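Since the structure comes first, as structure tokens, the remarks are kept for the end.
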Amino acid sequence: MNSLYRSVSRARGVHTGCALLRETPRNLKGKKHSSQQWLVRQLRDPYVEMAKQESYRCRSAFKLLEINERFKILSPGLTVIDCGAAPGSWTQVATNLTNAHAKREDPVGRVYAVDRLPFYPVEGATILGNMDFTSAKTQEALSEMLRGDKADVVLSDMAPNASGVREMDHDNIMLLAYAVLRFAVRFSKAQGTLVVKVWDGGKAQEFEENLSKFYGSVKVIRPDATRDESSEKFFLARGFKGLKTS
Ligand SMILES: C[S@@+](CC[C@H](N)C(=O)[O-])C[C@H]1O[C@@H](n2cnc3c(N)ncnc32)[C@H](O)[C@@H]1O
């Protein structure tokens with residue numbers, strides 16, 4: 001278990017007696033109720049604090065760290081596509097675990113990180129900001145960068161802007177999930193891995209069945225860092241069966 005993950009595990013043990021949870025925000029005056037709620041939640045969230053301490057750009061890092069800790073999907077030398085990567089905490093984790101930054105003597109991996117928003121560079125990763133993953137242009141760009149190679153791991157933490165209408169948000173995130181699955185089928189190595197976030201709903205079961213057609217095993221994961229009120233879950237699909245070319 002690495003020291004980062006140990007720290008996160010310790011953070012999980014934080015109870016209501018913790019100083020973080022008792023902290024009272026002092027700068028709420030004049031803010032809308034929703035902003036106040038957001039601030040209070042941030043201050044009470046041990047993962048927000050851990051992300052600050054560990055220099056991650058956001059708390060989502062701990063979801064990927066946990067998935068990796070449990071299932072060992074990332075290792076030095078692997079090629080990773082990170083979809084919906086901004087502000088870049090999964091990219092930070094992937095770059096470190098694959099040694100894409102070449103800071104260790106291990107094999108050097110490659111990380112390509114795509115988001116429709118612009119985001120700051122992550123050392124060792126190739127950043128494709130301002131690019132809609134679902135567009136043909138973006139997928140062409142990724143294909144060119146891979147130069148005939150394929151990905152060991154495709155990650156998607158992509159999420160549309162939430163409207164608050166549960167069914168509509170579910171439908172929209174499932175469109176993104178299918179776009180990632182289609183991409184992964186074209187650009188993954190045999191035995192490759194796919195991690196896809198969805199918000200739970202009526203189409204998730206069928207998506208899982210579709211994943212099973214292309215991957216040897218499919219698991220559903222809800223990392224500890226997922227907020228209790230969130231409907232998110234991650235599909236981990238392993239052992240890409242490959243495509244028959246004839
Ligand atoms: C939860 S955030 C990702 C956080 C990121 N994994 C991290 O750890 O920093 C979801 C991201 O998906 C991106 N996104 C949504 N739709 C997209 C699309 N069609 N193409 C690319 N990115 C998209 C959003 O812009 C947003 O930055």
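Order determines the names: the first chain of the structure tokens is A, the second B, and so forth; residues in each chain are numbered 1 upward, and ligands are numbered 1 upward as they are shown.
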
**Q.** Residues within 6 Å of ligand 1, counting only C-alpha atoms and all ligand atoms, as JSON, numbers by chain
**A.** {"A": [58, 60, 61, 84, 85, 86, 87, 88, 89, 90, 114, 115, 116, 117, 132, 133, 134, 157, 158, 159, 160]}

If you run DSSP on this backbone, which residues of segment 7-201 of chain A come out as strand (DSSP E), and could you give them as a compact mmCIF listing (two decimals) with C-alpha atoms, in the first residue's frame?
```txt
# COMPACT_ATOMS: atom_id res chain seq x y z
CA THR A 79 -0.33 3.78 -22.41
CA VAL A 80 -3.39 5.51 -20.94
CA ILE A 81 -6.15 7.66 -22.44
CA ASP A 82 -7.84 9.84 -19.78
CA CYS A 83 -11.23 11.13 -21.02
CA ARG A 110 2.30 7.56 -22.02
CA VAL A 111 -0.77 9.47 -20.87
CA TYR A 112 -3.12 11.39 -23.19
CA ALA A 113 -5.63 13.54 -21.34
CA VAL A 114 -8.69 15.00 -23.09
CA ALA A 125 1.15 13.89 -20.01
CA THR A 126 -0.07 15.07 -23.42
CA ILE A 127 -2.95 17.45 -22.79
CA LEU A 128 -5.76 17.89 -25.30
CA ALA A 151 -4.01 1.90 -25.33
CA ASP A 152 -3.54 -0.41 -22.36
CA VAL A 153 -6.03 1.54 -20.27
CA VAL A 154 -8.90 3.87 -21.22
CA LEU A 155 -10.28 5.94 -18.33
CA SER A 156 -13.42 8.03 -18.36
CA SER A 188 -7.43 -0.78 -26.99
CA LYS A 189 -4.82 -3.51 -26.97
CA ALA A 190 -6.06 -7.05 -26.46
CA GLN A 191 -6.40 -7.60 -22.68
CA GLY A 192 -6.79 -3.83 -22.24
CA THR A 193 -8.75 -2.18 -19.42
CA LEU A 194 -11.59 0.32 -19.44
CA VAL A 195 -12.86 2.36 -16.49
CA VAL A 196 -16.06 4.35 -17.11
CA LYS A 197 -18.07 6.53 -14.77
CA VAL A 198 -21.85 6.63 -15.05
CA TRP A 199 -24.65 8.05 -12.97
```

Q: Mind giving me the straight-line distance from atom CA of Ala94 of chain A to atom CA of Phe187 of chain A in Å, one decimal?
A: 18.0 Å

Q) Among segment 17-211 of chain A, which ones does DSSP place in helix (DSSP H, G or I), written as an NGL selection string? A) :A and (19-22 or 33-44 or 46-53 or 61-71 or 89-98 or 136-146 or 166-187 or 204-211)

Q: Just the residues within 12 Å of Ser163 of chain A, please, counting only C-alpha atoms, with nothing from its chain fewer than 6 positions along; format it as a count of residues only.
A: 5
